[in-house]
Amino acid sequence: YGQKLCLDYCKNYYILKECNCYNPAFLNFNSSRHLKSCLINENLFKCAMKMYLKLEKEIKEMCIDTNLCPLECTTLEYEYSLSFDSFPD
């Protein structure tokens with residue numbers, strides 16, 4: 001479980017609920033063939049963008065405070081670095 005992914009799905013849930021369309025980047029929302037992509041016409045796209053902007057402002061109230069997307073129990077963060085060396089001939 002990751003809260004960030006949950007928040008992405010939460011946003012798309014509210015877009016689907018309000019606009020009756022889905023973001024094609026979240027293919028799991030297209031499990032039913034009757035759903036339309038928010039990209040197929042201008043009205044759906046405008047509705048989705050309006051909801052997305054609203055959700056950006058109200059994400060805490062709509063997805064976190066409602067307990068739809070609680071914090072993870074544990075989180076791992078890694079430091080990383082990149083190094084390279086040439087192989088001997």
# chains A, B, ... in the order shown; residues from 1 in each chain; ligands from 1
call {"tool": "residues_around", "arguments": {"residues": "A:Leu7", "least_positions_apart": "5", "cutoff": "10 Å", "atoms": "only C-alpha atoms", "output": "list in words"}}
result
Gly2, Asn12, Tyr13, Leu55, Ile59, Lys60, Met62, Cys63, Ile64, Leu68, Cys69 and Pro70 of chain A
call {"tool": "select_by_dssp", "arguments": {"residues": "chain A", "states": "helix (DSSP H, G or I)", "output": "PyMOL selection string"}}
result
chain A and resi 3-19+27-30+42-64
call {"tool": "residues_around", "arguments": {"residues": "A:Asn20", "least_positions_apart": "2", "cutoff": "10 Å", "atoms": "only C-alpha atoms", "output": "PyMOL selection string"}}
result
chain A and resi 13-18+22+34-38+44+47-48
call {"tool": "write_last_selection", "arguments": {"atoms": "all heavy atoms", "output": "compact mmCIF listing (two decimals), in the first residue's frame"}}
result
# COMPACT_ATOMS: atom_id res chain seq x y z
N TYR A 13 -11.40 8.43 -8.83
CA TYR A 13 -12.72 7.99 -8.39
C TYR A 13 -13.70 9.16 -8.43
O TYR A 13 -14.82 9.04 -8.94
CB TYR A 13 -12.64 7.41 -6.97
CG TYR A 13 -13.98 7.25 -6.31
CD1 TYR A 13 -14.81 6.19 -6.64
CD2 TYR A 13 -14.44 8.19 -5.37
CE1 TYR A 13 -16.06 6.05 -6.05
CE2 TYR A 13 -15.67 8.05 -4.78
CZ TYR A 13 -16.48 6.99 -5.12
OH TYR A 13 -17.71 6.86 -4.54
N TYR A 14 -13.30 10.31 -7.89
CA TYR A 14 -14.19 11.47 -7.88
C TYR A 14 -14.42 12.02 -9.28
O TYR A 14 -15.51 12.50 -9.58
CB TYR A 14 -13.66 12.55 -6.94
CG TYR A 14 -13.95 12.24 -5.49
CD1 TYR A 14 -12.93 11.89 -4.62
CD2 TYR A 14 -15.25 12.29 -5.00
CE1 TYR A 14 -13.20 11.59 -3.28
CE2 TYR A 14 -15.53 12.00 -3.67
CZ TYR A 14 -14.50 11.65 -2.82
OH TYR A 14 -14.78 11.35 -1.51
N ILE A 15 -13.41 11.96 -10.14
CA ILE A 15 -13.61 12.39 -11.53
C ILE A 15 -14.61 11.47 -12.21
O ILE A 15 -15.52 11.93 -12.90
CB ILE A 15 -12.26 12.43 -12.28
CG1 ILE A 15 -11.41 13.59 -11.76
CG2 ILE A 15 -12.47 12.54 -13.79
CD1 ILE A 15 -9.98 13.60 -12.26
N LEU A 16 -14.47 10.17 -12.01
CA LEU A 16 -15.41 9.21 -12.59
C LEU A 16 -16.82 9.45 -12.07
O LEU A 16 -17.79 9.46 -12.84
CB LEU A 16 -14.96 7.79 -12.25
CG LEU A 16 -15.85 6.66 -12.74
CD1 LEU A 16 -15.93 6.65 -14.26
CD2 LEU A 16 -15.30 5.33 -12.23
N LYS A 17 -16.93 9.69 -10.78
CA LYS A 17 -18.24 9.92 -10.16
C LYS A 17 -18.91 11.19 -10.67
O LYS A 17 -20.10 11.21 -10.96
CB LYS A 17 -18.05 9.99 -8.64
CG LYS A 17 -19.30 10.04 -7.84
CD LYS A 17 -18.96 10.00 -6.35
CE LYS A 17 -20.16 10.31 -5.52
NZ LYS A 17 -19.85 10.34 -4.09
N GLU A 18 -18.13 12.26 -10.80
CA GLU A 18 -18.68 13.56 -11.20
C GLU A 18 -18.86 13.69 -12.71
O GLU A 18 -19.84 14.26 -13.17
CB GLU A 18 -17.77 14.68 -10.68
CG GLU A 18 -18.22 16.08 -11.01
CD GLU A 18 -19.47 16.50 -10.25
OE1 GLU A 18 -19.74 15.95 -9.16
OE2 GLU A 18 -20.18 17.39 -10.75
N TYR A 22 -13.11 8.44 -17.25
CA TYR A 22 -11.93 8.03 -16.50
C TYR A 22 -10.67 8.56 -17.18
O TYR A 22 -10.65 8.85 -18.38
CB TYR A 22 -11.86 6.51 -16.38
CG TYR A 22 -11.55 5.83 -17.69
CD1 TYR A 22 -10.26 5.46 -18.02
CD2 TYR A 22 -12.55 5.58 -18.62
CE1 TYR A 22 -9.96 4.87 -19.23
CE2 TYR A 22 -12.27 4.99 -19.82
CZ TYR A 22 -10.97 4.63 -20.12
OH TYR A 22 -10.69 4.05 -21.33
N HIS A 34 -18.40 0.30 -20.69
CA HIS A 34 -19.29 1.44 -20.89
C HIS A 34 -18.68 2.76 -20.41
O HIS A 34 -19.25 3.81 -20.64
CB HIS A 34 -20.66 1.20 -20.26
CG HIS A 34 -20.63 1.21 -18.76
ND1 HIS A 34 -20.29 0.11 -18.02
CD2 HIS A 34 -20.90 2.20 -17.88
CE1 HIS A 34 -20.35 0.41 -16.74
NE2 HIS A 34 -20.72 1.67 -16.61
N LEU A 35 -17.54 2.72 -19.75
CA LEU A 35 -16.91 3.95 -19.29
C LEU A 35 -16.20 4.64 -20.45
O LEU A 35 -15.63 4.00 -21.32
CB LEU A 35 -15.91 3.65 -18.18
CG LEU A 35 -16.49 3.06 -16.91
CD1 LEU A 35 -15.37 2.78 -15.91
CD2 LEU A 35 -17.52 3.98 -16.30
N LYS A 36 -16.22 5.96 -20.43
CA LYS A 36 -15.60 6.74 -21.49
C LYS A 36 -14.32 7.40 -20.98
O LYS A 36 -14.25 7.81 -19.83
CB LYS A 36 -16.56 7.83 -21.98
CG LYS A 36 -17.81 7.30 -22.63
CD LYS A 36 -18.74 8.44 -22.98
CE LYS A 36 -19.75 8.54 -21.86
NZ LYS A 36 -20.78 9.47 -22.00
N SER A 37 -13.38 7.54 -21.85
CA SER A 37 -12.17 8.28 -21.53
C SER A 37 -12.51 9.76 -21.44
O SER A 37 -13.30 10.28 -22.23
CB SER A 37 -11.13 8.06 -22.63
OG SER A 37 -10.09 9.02 -22.51
N CYS A 38 -11.88 10.46 -20.49
CA CYS A 38 -12.09 11.90 -20.36
C CYS A 38 -11.46 12.67 -21.53
O CYS A 38 -11.67 13.87 -21.65
CB CYS A 38 -11.50 12.40 -19.05
SG CYS A 38 -12.32 11.74 -17.58
N LEU A 44 -16.06 16.48 -21.62
CA LEU A 44 -15.56 15.55 -20.61
C LEU A 44 -14.20 16.00 -20.08
O LEU A 44 -13.94 15.93 -18.88
CB LEU A 44 -15.46 14.14 -21.18
CG LEU A 44 -16.78 13.42 -21.46
CD1 LEU A 44 -16.52 12.06 -22.11
CD2 LEU A 44 -17.59 13.26 -20.19
N CYS A 47 -14.67 18.94 -17.70
CA CYS A 47 -15.23 18.46 -16.43
C CYS A 47 -14.13 17.81 -15.60
O CYS A 47 -14.00 18.09 -14.41
CB CYS A 47 -16.36 17.47 -16.70
SG CYS A 47 -17.09 16.80 -15.20
N ALA A 48 -13.35 16.95 -16.22
CA ALA A 48 -12.28 16.25 -15.51
C ALA A 48 -11.24 17.23 -14.98
O ALA A 48 -10.77 17.10 -13.84
CB ALA A 48 -11.62 15.23 -16.42
call {"tool": "closest_residue", "arguments": {"among": "A:Asn43, A:Lys11, A:Glu77, A:Tyr1", "to": "A:Lys57", "atoms": "only C-alpha atoms"}}
result
A:Lys11
call {"tool": "closest_residue", "arguments": {"among": "A:Lys4, A:Glu72, A:Lys46, A:Cys10", "to": "A:Glu58", "atoms": "only C-alpha atoms"}}
result
A:Cys10
